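With mmCIF, C-alpha atoms inside, this is upload-v2.cif:
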data_upload
#
loop_
_atom_site.label_atom_id
_atom_site.label_comp_id
_atom_site.auth_asym_id
_atom_site.auth_seq_id
_atom_site.Cartn_x
_atom_site.Cartn_y
_atom_site.Cartn_z
CA MET N 1 25.64 -159.66 6.38
CA THR N 2 22.75 -160.32 8.77
CA TRP N 3 23.17 -162.39 11.80
CA ASN N 4 21.01 -165.22 10.62
CA GLU N 5 22.40 -165.47 7.09
CA PRO N 6 24.59 -168.48 6.18
CA GLY N 7 28.18 -167.87 7.23
CA GLY N 8 27.22 -165.01 9.42
CA SER N 9 28.15 -164.65 13.03
CA ARG N 10 25.55 -165.70 15.46
CA ASP N 11 27.27 -163.87 18.26
CA LYS N 12 25.38 -160.72 17.26
CA ASP N 13 21.58 -160.62 17.42
CA PRO N 14 19.22 -157.79 16.42
CA TRP N 15 18.27 -157.16 19.99
CA GLY N 16 21.76 -156.02 20.90
CA GLY N 17 22.77 -159.06 22.88
CA ARG N 18 26.48 -159.98 22.77
CA GLY N 19 26.58 -163.02 24.91
CA GLY N 20 27.13 -166.05 22.82
CA ASN N 21 25.98 -168.29 25.59
CA GLU N 22 22.41 -166.85 25.76
CA GLN N 23 19.77 -169.07 24.30
CA GLY N 24 16.25 -168.07 22.92
CA PRO N 25 14.72 -164.65 22.08
CA PRO N 26 15.40 -161.57 24.25
CA ASP N 27 13.04 -160.51 27.03
CA LEU N 28 10.06 -158.39 25.85
CA ASP N 29 10.33 -155.98 28.76
CA GLU N 30 13.95 -155.31 27.89
CA VAL N 31 13.04 -154.51 24.29
CA ILE N 32 10.33 -152.00 25.33
CA LYS N 33 12.73 -150.36 27.78
CA LYS N 34 15.36 -149.91 25.11
CA LEU N 35 12.82 -148.36 22.75
CA GLN N 36 11.74 -145.87 25.41
CA ASP N 37 15.35 -144.90 26.07
CA LYS N 38 15.95 -144.22 22.37
CA LEU N 39 12.85 -142.02 22.09
CA GLY N 40 13.85 -140.18 25.23
CA GLY N 41 17.31 -139.51 23.83
CA LEU N 42 15.79 -138.13 20.63
CA PHE N 43 13.89 -135.48 22.62
CA GLY N 44 16.87 -134.74 24.90
CA GLY N 45 16.25 -137.27 27.60
CA ALA N 46 18.81 -139.61 29.16
CA LYS N 47 19.74 -142.69 27.26
CA GLY N 48 19.38 -146.09 28.72
CA GLY N 49 21.86 -148.88 28.52
CA GLY N 50 22.44 -150.82 25.40
CA ASN N 51 24.54 -150.82 22.32
CA SER N 52 24.43 -147.54 20.36
CA ASP N 53 25.07 -149.26 17.10
CA SER N 54 21.57 -150.79 17.02
CA ALA N 55 19.68 -147.41 17.61
CA PRO N 56 18.09 -145.64 14.58
CA PRO N 57 19.52 -142.25 13.61
CA LYS N 58 17.97 -139.20 15.32
CA GLY N 59 17.48 -137.35 12.03
CA ILE N 60 15.16 -139.95 10.61
CA LEU N 61 12.83 -139.87 13.58
CA SER N 62 12.82 -136.09 13.68
CA MET N 63 11.92 -135.82 10.03
CA ALA N 64 9.19 -138.41 10.43
CA LEU N 65 7.65 -136.56 13.32
CA LEU N 66 8.00 -133.24 11.52
CA GLY N 67 6.37 -134.69 8.41
CA ALA N 68 3.50 -136.04 10.47
CA LEU N 69 3.08 -132.65 12.11
CA VAL N 70 3.00 -130.88 8.74
CA ILE N 71 0.46 -133.34 7.37
CA TRP N 72 -1.68 -132.87 10.45
CA ALA N 73 -1.50 -129.08 10.12
CA LEU N 74 -2.29 -129.10 6.41
CA SER N 75 -5.25 -131.41 6.94
CA GLY N 76 -6.94 -128.71 9.00
CA ILE N 77 -6.99 -126.11 6.22
CA TYR N 78 -10.40 -125.67 4.55
CA THR N 79 -12.29 -123.12 2.46
CA ILE N 80 -15.88 -121.84 2.83
CA ASP N 81 -17.42 -120.90 -0.54
CA ALA N 82 -19.39 -117.72 -1.12
CA GLY N 83 -23.02 -117.91 -0.02
CA LYS N 84 -22.22 -120.45 2.67
CA GLN N 85 -21.18 -120.45 6.30
CA GLY N 86 -19.18 -122.94 8.32
CA VAL N 87 -20.16 -124.22 11.75
CA VAL N 88 -17.11 -125.29 13.78
CA ILE N 89 -17.79 -128.24 16.08
CA GLN N 90 -15.29 -128.88 18.84
CA LEU N 91 -15.48 -132.27 20.52
CA GLY N 92 -19.13 -132.61 19.46
CA ALA N 93 -20.30 -129.19 20.68
CA TYR N 94 -20.86 -125.90 18.85
CA HIS N 95 -17.78 -123.70 18.86
CA GLU N 96 -18.26 -120.87 16.34
CA THR N 97 -19.66 -119.87 12.94
CA VAL N 98 -17.22 -118.75 10.25
CA ASP N 99 -17.84 -116.76 7.09
CA PRO N 100 -16.69 -117.60 3.55
CA GLY N 101 -12.94 -117.72 3.07
CA LEU N 102 -9.83 -119.74 4.04
CA HIS N 103 -9.78 -121.18 7.56
CA TRP N 104 -7.97 -123.73 9.68
CA VAL N 105 -9.07 -126.13 12.42
CA PRO N 106 -7.05 -128.66 14.42
CA THR N 107 -7.83 -132.06 12.97
CA PHE N 108 -9.32 -134.66 15.33
CA ILE N 109 -10.23 -131.85 17.75
CA GLN N 110 -12.55 -129.72 15.62
CA LYS N 111 -14.54 -130.28 12.47
CA VAL N 112 -16.58 -128.02 10.20
CA GLU N 113 -20.12 -128.40 8.86
CA THR N 114 -20.81 -126.27 5.78
CA VAL N 115 -24.32 -124.78 5.51
CA ASP N 116 -25.79 -123.05 2.42
CA VAL N 117 -27.36 -119.82 3.67
CA GLU N 118 -27.91 -118.09 0.31
CA ASN N 119 -29.88 -120.48 -1.89
CA ILE N 120 -33.67 -120.73 -1.69
CA PHE N 121 -35.10 -124.19 -1.10
CA ASP N 122 -38.56 -125.36 -2.06
CA GLU N 123 -40.97 -127.70 -0.31
CA ILE N 124 -44.35 -128.88 -1.65
CA ILE N 125 -47.10 -129.38 0.94
CA GLY N 126 -50.23 -131.20 -0.18
CA ASP N 127 -48.79 -133.59 -2.76
CA GLN N 128 -50.09 -136.45 -0.63
CA PRO N 129 -53.83 -137.00 0.01
CA ALA N 130 -53.32 -137.09 3.77
CA GLU N 131 -51.89 -133.57 3.64
CA ALA N 132 -54.11 -132.11 0.92
CA ILE N 133 -57.64 -132.88 2.23
CA MET N 134 -58.81 -130.28 4.74
CA LEU N 135 -62.08 -129.09 6.29
CA THR N 136 -63.27 -125.47 6.08
CA LYS N 137 -65.28 -123.50 8.62
CA ASP N 138 -68.55 -124.09 6.78
CA GLU N 139 -67.90 -127.86 6.79
CA ASN N 140 -66.81 -128.15 3.17
CA ILE N 141 -63.89 -130.32 2.06
CA VAL N 142 -61.11 -128.68 0.07
CA ASP N 143 -58.14 -130.22 -1.75
CA ILE N 144 -55.33 -127.71 -1.26
CA GLN N 145 -51.62 -127.60 -2.14
CA PHE N 146 -48.91 -125.11 -1.16
CA SER N 147 -45.37 -124.42 -2.31
CA ILE N 148 -43.07 -123.13 0.46
CA GLN N 149 -39.81 -121.33 -0.34
CA TYR N 150 -37.35 -120.98 2.53
CA ARG N 151 -33.69 -120.43 3.36
CA ILE N 152 -31.38 -121.12 6.30
CA LYS N 153 -30.90 -117.96 8.35
CA ASP N 154 -29.15 -119.42 11.42
CA PRO N 155 -26.77 -122.35 10.79
CA GLN N 156 -26.31 -123.05 14.50
CA ASP N 157 -30.04 -123.51 15.13
CA TYR N 158 -30.41 -125.43 11.89
CA LEU N 159 -27.78 -128.01 12.91
CA PHE N 160 -28.28 -128.34 16.65
CA ASN N 161 -31.90 -127.56 17.66
CA VAL N 162 -33.96 -129.95 15.54
CA ARG N 163 -33.11 -133.39 14.26
CA SER N 164 -34.76 -132.97 10.82
CA PRO N 165 -35.50 -129.33 9.88
CA GLU N 166 -37.18 -130.26 6.57
CA LEU N 167 -39.56 -132.69 8.23
CA THR N 168 -40.29 -130.14 10.94
CA LEU N 169 -41.05 -127.60 8.21
CA ARG N 170 -43.57 -129.95 6.57
CA HIS N 171 -45.35 -130.66 9.84
CA ALA N 172 -45.40 -126.99 10.82
CA THR N 173 -46.75 -125.98 7.40
CA GLU N 174 -49.51 -128.58 7.50
CA SER N 175 -50.48 -127.43 10.99
CA ALA N 176 -50.57 -123.76 9.98
CA VAL N 177 -52.58 -124.45 6.81
CA ARG N 178 -55.14 -126.57 8.66
CA GLU N 179 -55.58 -123.89 11.30
CA VAL N 180 -56.13 -121.07 8.80
CA VAL N 181 -58.35 -123.13 6.47
CA GLY N 182 -60.39 -124.37 9.42
CA LYS N 183 -61.19 -120.77 10.34
CA SER N 184 -62.12 -119.75 6.78
CA SER N 185 -65.10 -120.47 4.57
CA TRP N 186 -65.02 -122.36 1.27
CA ASP N 187 -65.47 -119.22 -0.82
CA THR N 188 -62.72 -117.42 1.08
CA VAL N 189 -60.19 -120.21 0.51
CA THR N 190 -61.04 -120.94 -3.13
CA THR N 191 -61.94 -117.55 -4.62
CA GLU N 192 -62.16 -114.18 -2.98
CA GLY N 193 -59.85 -114.57 0.03
CA ARG N 194 -56.88 -116.51 -1.35
CA THR N 195 -54.44 -113.64 -0.81
CA ALA N 196 -55.52 -113.14 2.80
CA VAL N 197 -55.31 -116.89 3.50
CA VAL N 198 -51.76 -117.07 2.11
CA ALA N 199 -50.68 -114.08 4.21
CA LEU N 200 -52.08 -115.63 7.39
CA ILE N 201 -50.36 -118.96 6.67
CA ASP N 202 -47.03 -117.22 6.02
CA SER N 203 -47.18 -115.33 9.32
CA LEU N 204 -48.31 -118.32 11.39
CA LEU N 205 -45.75 -120.68 9.85
CA GLN N 206 -42.84 -118.33 10.55
CA GLU N 207 -44.04 -117.96 14.13
CA ILE N 208 -44.09 -121.75 14.60
CA LEU N 209 -40.61 -122.20 13.09
CA ASP N 210 -39.18 -119.45 15.31
CA SER N 211 -40.70 -121.05 18.40
CA TYR N 212 -38.97 -124.34 17.49
CA GLN N 213 -35.70 -122.46 16.78
CA THR N 214 -35.24 -124.30 13.50
CA GLY N 215 -33.05 -121.60 11.96
CA LEU N 216 -35.30 -121.45 8.87
CA GLU N 217 -36.79 -118.32 7.30
CA ILE N 218 -39.86 -118.42 5.02
CA THR N 219 -39.34 -116.32 1.91
CA SER N 220 -42.67 -116.97 0.16
CA VAL N 221 -45.82 -119.05 0.40
CA ASN N 222 -47.71 -119.88 -2.81
CA MET N 223 -51.09 -121.59 -3.07
CA GLN N 224 -50.82 -124.02 -5.97
CA HIS N 225 -54.52 -124.89 -6.05
CA ALA N 226 -57.59 -125.02 -3.83
CA ARG N 227 -60.39 -127.09 -5.30
CA GLU N 228 -62.99 -129.69 -4.51
CA PRO N 229 -61.89 -133.30 -4.02
CA THR N 230 -62.30 -135.65 -6.95
CA GLN N 231 -64.88 -137.73 -5.09
CA VAL N 232 -67.34 -134.84 -4.81
CA LYS N 233 -66.48 -132.98 -7.99
CA GLU N 234 -69.92 -133.47 -9.56
CA ALA N 235 -71.70 -132.16 -6.47
CA PHE N 236 -69.49 -129.08 -6.40
CA ALA N 237 -70.15 -128.57 -10.12
CA ASP N 238 -73.87 -128.51 -9.36
CA VAL N 239 -73.27 -126.00 -6.59
CA ASN N 240 -71.24 -123.79 -8.92
CA ASN N 241 -73.96 -123.97 -11.58
CA ALA N 242 -76.56 -123.01 -9.01
CA ARG N 243 -74.38 -120.13 -7.88
CA GLU N 244 -73.99 -118.95 -11.46
CA ASP N 245 -77.75 -119.21 -12.03
CA ALA N 246 -78.38 -117.21 -8.89
CA SER N 247 -75.93 -114.56 -10.04
CA ARG N 248 -77.56 -114.44 -13.48
CA MET N 249 -81.04 -114.11 -12.02
CA LYS N 250 -79.87 -111.35 -9.71
CA ASN N 251 -78.45 -109.49 -12.68
CA GLU N 252 -81.69 -109.94 -14.60
CA ALA N 253 -83.72 -108.74 -11.62
CA LEU N 254 -81.43 -105.75 -11.28
CA ALA N 255 -81.83 -104.93 -14.96
CA TYR N 256 -85.62 -105.23 -14.65
CA SER N 257 -85.54 -103.02 -11.58
CA ASN N 258 -83.45 -100.43 -13.40
CA ASP N 259 -86.04 -100.44 -16.19
CA VAL N 260 -89.24 -100.43 -14.13
CA VAL N 261 -88.34 -98.26 -11.19
CA PRO N 262 -87.43 -95.15 -13.21
CA ARG N 263 -90.64 -95.45 -15.22
CA ALA N 264 -92.69 -95.92 -12.07
CA ARG N 265 -91.02 -92.91 -10.54
CA GLY N 266 -91.76 -90.93 -13.68
CA ASN N 267 -95.42 -91.97 -13.61
CA ALA N 268 -95.63 -91.08 -9.95
CA ALA N 269 -94.13 -87.68 -10.62
CA ARG N 270 -96.57 -87.15 -13.50
CA LEU N 271 -99.53 -88.12 -11.31
CA VAL N 272 -98.33 -85.76 -8.62
CA GLN N 273 -98.07 -82.95 -11.14
CA GLU N 274 -101.53 -83.76 -12.55
CA ALA N 275 -102.94 -83.79 -9.04
CA GLU N 276 -101.31 -80.46 -8.33
CA ALA N 277 -102.75 -79.08 -11.58
CA TYR N 278 -106.19 -80.48 -10.75
CA LYS N 279 -105.97 -78.99 -7.30
CA ALA N 280 -105.04 -75.61 -8.71
CA ARG N 281 -107.86 -75.79 -11.30
CA VAL N 282 -110.49 -76.82 -8.77
CA MET N 283 -109.41 -74.17 -6.34
CA ALA N 284 -109.45 -71.57 -9.12
CA GLU N 285 -112.93 -72.69 -10.21
CA ALA N 286 -114.16 -72.66 -6.66
CA GLU N 287 -112.76 -69.23 -6.11
CA GLY N 288 -114.31 -68.08 -9.39
CA ASP N 289 -117.71 -69.57 -8.44
CA ALA N 290 -117.54 -67.94 -5.06
CA THR N 291 -116.66 -64.60 -6.63
CA ARG N 292 -119.48 -64.97 -9.16
CA PHE N 293 -121.93 -65.92 -6.42
CA ASN N 294 -120.96 -62.90 -4.42
CA GLN N 295 -121.52 -60.72 -7.44
CA VAL N 296 -124.97 -62.27 -8.05
CA LEU N 297 -125.78 -61.89 -4.39
CA ARG N 298 -125.00 -58.21 -4.53
CA GLU N 299 -127.27 -57.80 -7.57
CA TYR N 300 -129.97 -59.90 -5.94
CA ASN N 301 -129.97 -57.66 -2.92
CA LYS N 302 -130.47 -54.73 -5.21
CA ALA N 303 -133.40 -56.23 -7.29
CA PRO N 304 -134.59 -59.58 -5.95
CA ARG N 305 -137.49 -60.11 -8.42
CA VAL N 306 -135.53 -59.34 -11.53
CA THR N 307 -132.65 -61.43 -10.37
CA ARG N 308 -134.91 -64.44 -9.66
CA GLU N 309 -136.48 -64.23 -13.10
CA ARG N 310 -133.13 -63.93 -14.76
CA LEU N 311 -131.77 -66.88 -12.88
CA TYR N 312 -134.82 -68.96 -13.77
CA LEU N 313 -134.54 -68.18 -17.47
CA GLU N 314 -130.83 -68.90 -17.60
CA THR N 315 -131.34 -72.19 -15.78
CA MET N 316 -134.14 -73.33 -18.08
CA GLU N 317 -132.09 -72.33 -21.09
CA GLU N 318 -129.20 -74.45 -19.93
CA ILE N 319 -131.44 -77.43 -19.19
CA TYR N 320 -133.45 -77.34 -22.42
CA SER N 321 -130.34 -76.84 -24.55
CA LYS N 322 -129.28 -80.37 -23.59
CA SER N 323 -132.68 -81.93 -24.23
CA LYS N 324 -133.63 -83.63 -27.52
CA LYS N 325 -137.31 -82.87 -27.16
CA ILE N 326 -139.17 -79.59 -27.60
CA VAL N 327 -142.37 -78.93 -25.72
CA VAL N 328 -144.51 -75.94 -26.64
CA ASP N 329 -146.93 -74.95 -23.96
CA VAL N 330 -149.83 -72.79 -25.05
CA LYS N 331 -151.46 -70.64 -22.46
CA GLY N 332 -155.01 -71.65 -21.86
CA GLY N 333 -154.82 -74.61 -24.27
CA ASN N 334 -155.08 -78.35 -23.67
CA ASN N 335 -152.84 -79.58 -26.49
CA MET N 336 -149.14 -79.18 -27.21
CA MET N 337 -146.95 -79.84 -30.20
CA TYR N 338 -144.45 -82.68 -29.79
CA LEU N 339 -141.45 -82.92 -32.09
CA PRO N 340 -139.41 -86.18 -31.76
CA LEU N 341 -136.06 -84.56 -32.46
CA ASP N 342 -134.09 -87.45 -30.93
CA GLN N 343 -135.35 -89.82 -33.62
CA ILE N 344 -134.63 -87.28 -36.32
CA VAL N 345 -131.05 -86.94 -35.07
CA LYS N 346 -130.59 -90.71 -34.99
CA GLN N 347 -131.90 -90.99 -38.57
CA GLN N 348 -129.49 -88.34 -39.74
CA GLN N 349 -126.59 -90.15 -38.04
CA GLY N 350 -127.66 -93.48 -39.50
CA GLY N 351 -127.10 -92.35 -43.12
CA SER N 352 -128.90 -94.58 -45.55
CA SER N 353 -131.13 -95.99 -42.85
CA THR N 354 -132.58 -92.54 -42.43
CA ASN N 355 -133.83 -92.43 -46.01
CA SER N 356 -135.85 -95.58 -45.54
CA THR N 357 -137.63 -94.23 -42.50
CA ASP N 358 -141.20 -93.24 -43.12
CA MET N 359 -141.39 -89.57 -42.31
CA ASN N 360 -145.12 -89.82 -42.10
CA SER N 361 -144.74 -91.88 -38.98
CA LEU N 362 -143.53 -88.78 -37.21
CA GLN N 363 -146.77 -87.27 -35.97
CA ALA N 364 -147.04 -83.69 -34.94
CA PRO N 365 -149.89 -83.06 -32.54
CA SER N 366 -152.09 -80.16 -33.42
CA VAL N 367 -152.05 -77.00 -31.44
CA ASN N 368 -155.43 -75.85 -30.24
CA THR N 369 -155.58 -72.27 -29.15
CA GLN N 370 -158.46 -70.61 -27.39
CA SER N 371 -160.82 -68.44 -29.37
CA ASN N 372 -159.60 -65.33 -27.73
CA GLY N 373 -156.24 -65.85 -29.57
CA SER N 374 -154.13 -64.87 -26.61
CA ARG N 375 -150.38 -65.71 -26.73
CA PRO N 376 -148.08 -66.61 -23.92
CA GLY N 377 -145.98 -63.90 -22.45
CA ARG N 378 -143.46 -63.37 -19.63
CA ASP N 379 -146.26 -63.04 -17.13
CA SER N 380 -147.42 -66.64 -17.85
CA GLN N 381 -144.20 -68.33 -16.70
CA SER N 382 -145.93 -70.06 -13.90
CA SER N 383 -148.13 -72.03 -16.36
CA ARG N 384 -145.17 -73.65 -18.16
CA GLY N 385 -144.26 -77.22 -17.58
CA ILE N 386 -142.78 -80.39 -18.97
CA ARG N 387 -144.88 -83.42 -19.85
#

Translate this file's structure into structure tokens.
Amino acid sequence: MTWNEPGGSRDKDPWGGRGGNEQGPPDLDEVIKKLQDKLGGLFGGAKGGGNSDSAPPKGILSMALLGALVIWALSGIYTIDAGKQGVVIQLGAYHETVDPGLHWVPTFIQKVETVDVENIFDEIIGDQPAEAIMLTKDENIVDIQFSIQYRIKDPQDYLFNVRSPELTLRHATESAVREVVGKSSWDTVTTEGRTAVVALIDSLLQEILDSYQTGLEITSVNMQHAREPTQVKEAFADVNNAREDASRMKNEALAYSNDVVPRARGNAARLVQEAEAYKARVMAEAEGDATRFNQVLREYNKAPRVTRERLYLETMEEIYSKSKKIVVDVKGGNNMMYLPLDQIVKQQQGGSSTNSTDMNSLQAPSVNTQSNGSRPGRDSQSSRGIR
């Protein structure tokens, strides 16, 4: 029966007081002192004054403290999964990095931050207009987008050196891309030099991240697209068409050159060969004429008169053989016979027109010889002539 229940004795109070004459609650300082004495006796210390009947049993307090200690110890057990690492933080500062497995830390003194160091993370740079629009070296505007794959290589740097590693990655990537694009031409970025541009961005970005000690490692850099902005798409289409036309015209000019140049070279080679043949022929003829002249000269030296007469006759024969008129010179006479052979030849070539020609119109002058009836001979060569 409690002390304040009906019929109970009020001589006993819960604070251990036995004096029935005391009035009011016990002193607070006395209560605290008694509690300290009981705790001290539990751990082997001296007991203070007071009634032993009101003290709790030692076994209950021991078990309570032991249970609290076990709970505290079990609360520090943790497991790091495969592909991750744990960063132990002691009183707010870095303590150590632990590998996957079962570990323990003292609760309230240390805590663990788990970091995924195996998975590959992805970040898109250029999905916003402010990041995508860039200026090339030749003052062209390009709309560019990159996909960055990265992983965490150093959990300590990742957690302690930068406040926001992902945001730092975006800013570093944008800076690296703008630097490389600003040093490259439009054609290099959009067509022929994409691989080289990506390699330069990868190297520069990793250098920037290492200088910031972000703990991140770039695994790959992919250029999603590099194209003209929407606002100037029509102008770039015109430029591309002009470039294609220029390429087509170059190909046509090259084809024409491949057709004309070989033929010109062949004609030149043929002309050179003809010139060489002409040169050989002329030189052979000249040599032959010189040899023939030397032979005639030798004969002329032997018989000058005969040689002169022979040369004269051969020359006249060659000249008159090409003439269409025949002149007969009679020694000592005043008349000559004229035969218009050129008109006869033309009439024969004219066919039917020849038949209609009046043959009587062709007059043959009479030949008047002197009464002595002399005839021309070789000794009368000097009297010959052409009228």

From N:Ala277, N:Val112, N:Ile133, N:Leu200, residue lying nearest Ile77 (chain N) [all atoms listed in the file]: N:Val112

Nearest-residue call for Leu216 (chain N), choices N:Pro304, N:Gly288, N:Pro100, N:Pro165, using only C-alpha atoms: N:Pro165

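Among the candidates N:Val260, N:Ile201, N:Leu135, N:Ile152, the one nearest to Asn119 (chain N) when counting all atoms listed in the file is N:Ile152.
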
Straight-line distance linking CA of Ser203 (chain N) with CA of Asp154 (chain N), stated in Å to one decimal: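 Pair CA of Ser203 (chain N) / CA of Asp154 (chain N) returns 18.6 Å.
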
Polymer residues at most 10 Å from Glu207 (chain N), only C-alpha atoms, same-chain spacing of 4 or more positions, as a list in words: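 My reading of the contact set: Ala172, Ala176, Ile201, Asp202, Ser203, Ser211, Tyr212, Gln213 and Glu217 of chain N.
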
Minimum-distance residue to Leu297 (chain N), chosen among N:Val105, N:Leu311, N:Met283, N:Ile71 (using only C-alpha atoms): N:Leu311

Nearest to Gly83 (chain N), chosen from N:His95, N:Val115, N:Gln110, N:Glu174, with all atoms listed in the file counted in the distances: N:Val115

Residues near Ser164 (chain N), cut-off 12 Å, all atoms listed in the file, skip fewer than 6 positions along chain, as a ChimeraX atom specification: /N:157-158,170-171,212,214-216

Residue among N:Val221, N:Val197, N:Ile148, N:Leu169 lying closest to Leu209 (chain N), counting only C-alpha atoms: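 Closest to Leu209 (chain N), using only C-alpha atoms: N:Leu169.
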
Distance in Å - CA of Lys153 (chain N) versus CA of Gln85 (chain N):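 Taking CA of Lys153 (chain N) as the start and CA of Gln85 (chain N) as the end point, the length is 10.2 Å.
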
Point-to-point distance in Å for CA of Trp104 (chain N) and CA of Thr79 (chain N): 8.4 Å

Given the PyMOL selection byres ((chain N and resi 229) around 12), the residues it picks as a PyMOL selection string: chain N and resi 129+132-135+140-145+225-228+230-237

Can you write just those residues out, C-alpha atoms, as a PDB file, in the coordinates of the input?
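Okay, this is what ended up in result03.pdb:
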ATOM      1  CA  PRO N 129     -53.830-137.000   0.010  1.00  0.00           C
ATOM      2  CA  ALA N 132     -54.110-132.110   0.920  1.00  0.00           C
ATOM      3  CA  ILE N 133     -57.640-132.880   2.230  1.00  0.00           C
ATOM      4  CA  MET N 134     -58.810-130.280   4.740  1.00  0.00           C
ATOM      5  CA  LEU N 135     -62.080-129.090   6.290  1.00  0.00           C
ATOM      6  CA  ASN N 140     -66.810-128.150   3.170  1.00  0.00           C
ATOM      7  CA  ILE N 141     -63.890-130.320   2.060  1.00  0.00           C
ATOM      8  CA  VAL N 142     -61.110-128.680   0.070  1.00  0.00           C
ATOM      9  CA  ASP N 143     -58.140-130.220  -1.750  1.00  0.00           C
ATOM     10  CA  ILE N 144     -55.330-127.710  -1.260  1.00  0.00           C
ATOM     11  CA  GLN N 145     -51.620-127.600  -2.140  1.00  0.00           C
ATOM     12  CA  HIS N 225     -54.520-124.890  -6.050  1.00  0.00           C
ATOM     13  CA  ALA N 226     -57.590-125.020  -3.830  1.00  0.00           C
ATOM     14  CA  ARG N 227     -60.390-127.090  -5.300  1.00  0.00           C
ATOM     15  CA  GLU N 228     -62.990-129.690  -4.510  1.00  0.00           C
ATOM     16  CA  THR N 230     -62.300-135.650  -6.950  1.00  0.00           C
ATOM     17  CA  GLN N 231     -64.880-137.730  -5.090  1.00  0.00           C
ATOM     18  CA  VAL N 232     -67.340-134.840  -4.810  1.00  0.00           C
ATOM     19  CA  LYS N 233     -66.480-132.980  -7.990  1.00  0.00           C
ATOM     20  CA  GLU N 234     -69.920-133.470  -9.560  1.00  0.00           C
ATOM     21  CA  ALA N 235     -71.700-132.160  -6.470  1.00  0.00           C
ATOM     22  CA  PHE N 236     -69.490-129.080  -6.400  1.00  0.00           C
ATOM     23  CA  ALA N 237     -70.150-128.570 -10.120  1.00  0.00           C
TER      24      ALA N 237
END

Using the partial input, fill out region 185-199 of chain N with N, CA and C atoms; write the result as an mmCIF file, keeping the file's coordinate frame.
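The resulting file, part24.cif, is shown below:
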data_model
loop_
_atom_site.group_PDB
_atom_site.id
_atom_site.type_symbol
_atom_site.label_atom_id
_atom_site.label_comp_id
_atom_site.auth_asym_id
_atom_site.auth_seq_id
_atom_site.Cartn_x
_atom_site.Cartn_y
_atom_site.Cartn_z
ATOM 1 N N SER N 185 -64.036 -119.829 5.329
ATOM 2 C CA SER N 185 -65.100 -120.470 4.570
ATOM 3 C C SER N 185 -64.565 -120.993 3.234
ATOM 4 N N TRP N 186 -65.401 -121.792 2.582
ATOM 5 C CA TRP N 186 -65.020 -122.360 1.270
ATOM 6 C C TRP N 186 -64.754 -121.271 0.257
ATOM 7 N N ASP N 187 -65.642 -120.294 0.160
ATOM 8 C CA ASP N 187 -65.470 -119.220 -0.820
ATOM 9 C C ASP N 187 -64.214 -118.413 -0.540
ATOM 10 N N THR N 188 -63.910 -118.194 0.741
ATOM 11 C CA THR N 188 -62.720 -117.420 1.080
ATOM 12 C C THR N 188 -61.451 -118.141 0.645
ATOM 13 N N VAL N 189 -61.397 -119.449 0.841
ATOM 14 C CA VAL N 189 -60.190 -120.210 0.510
ATOM 15 C C VAL N 189 -60.030 -120.372 -0.991
ATOM 16 N N THR N 190 -61.130 -120.587 -1.713
ATOM 17 C CA THR N 190 -61.040 -120.940 -3.130
ATOM 18 C C THR N 190 -61.117 -119.746 -4.070
ATOM 19 N N THR N 191 -61.730 -118.654 -3.664
ATOM 20 C CA THR N 191 -61.940 -117.550 -4.620
ATOM 21 C C THR N 191 -61.478 -116.213 -4.050
ATOM 22 N N GLU N 192 -62.341 -115.595 -3.294
ATOM 23 C CA GLU N 192 -62.160 -114.180 -2.980
ATOM 24 C C GLU N 192 -61.089 -113.888 -1.947
ATOM 25 N N GLY N 193 -60.778 -114.855 -1.058
ATOM 26 C CA GLY N 193 -59.850 -114.570 0.030
ATOM 27 C C GLY N 193 -58.540 -115.312 -0.039
ATOM 28 N N ARG N 194 -58.122 -115.730 -1.223
ATOM 29 C CA ARG N 194 -56.880 -116.510 -1.350
ATOM 30 C C ARG N 194 -55.668 -115.721 -0.864
ATOM 31 N N THR N 195 -55.593 -114.444 -1.207
ATOM 32 C CA THR N 195 -54.440 -113.640 -0.810
ATOM 33 C C THR N 195 -54.363 -113.502 0.707
ATOM 34 N N ALA N 196 -55.500 -113.267 1.341
ATOM 35 C CA ALA N 196 -55.520 -113.140 2.800
ATOM 36 C C ALA N 196 -55.158 -114.461 3.475
ATOM 37 N N VAL N 197 -55.625 -115.570 2.932
ATOM 38 C CA VAL N 197 -55.310 -116.890 3.500
ATOM 39 C C VAL N 197 -53.813 -117.158 3.416
ATOM 40 N N VAL N 198 -53.205 -116.857 2.271
ATOM 41 C CA VAL N 198 -51.760 -117.070 2.110
ATOM 42 C C VAL N 198 -50.969 -116.213 3.083
ATOM 43 N N ALA N 199 -51.383 -114.957 3.283
ATOM 44 C CA ALA N 199 -50.680 -114.080 4.210
ATOM 45 C C ALA N 199 -50.763 -114.602 5.649
#
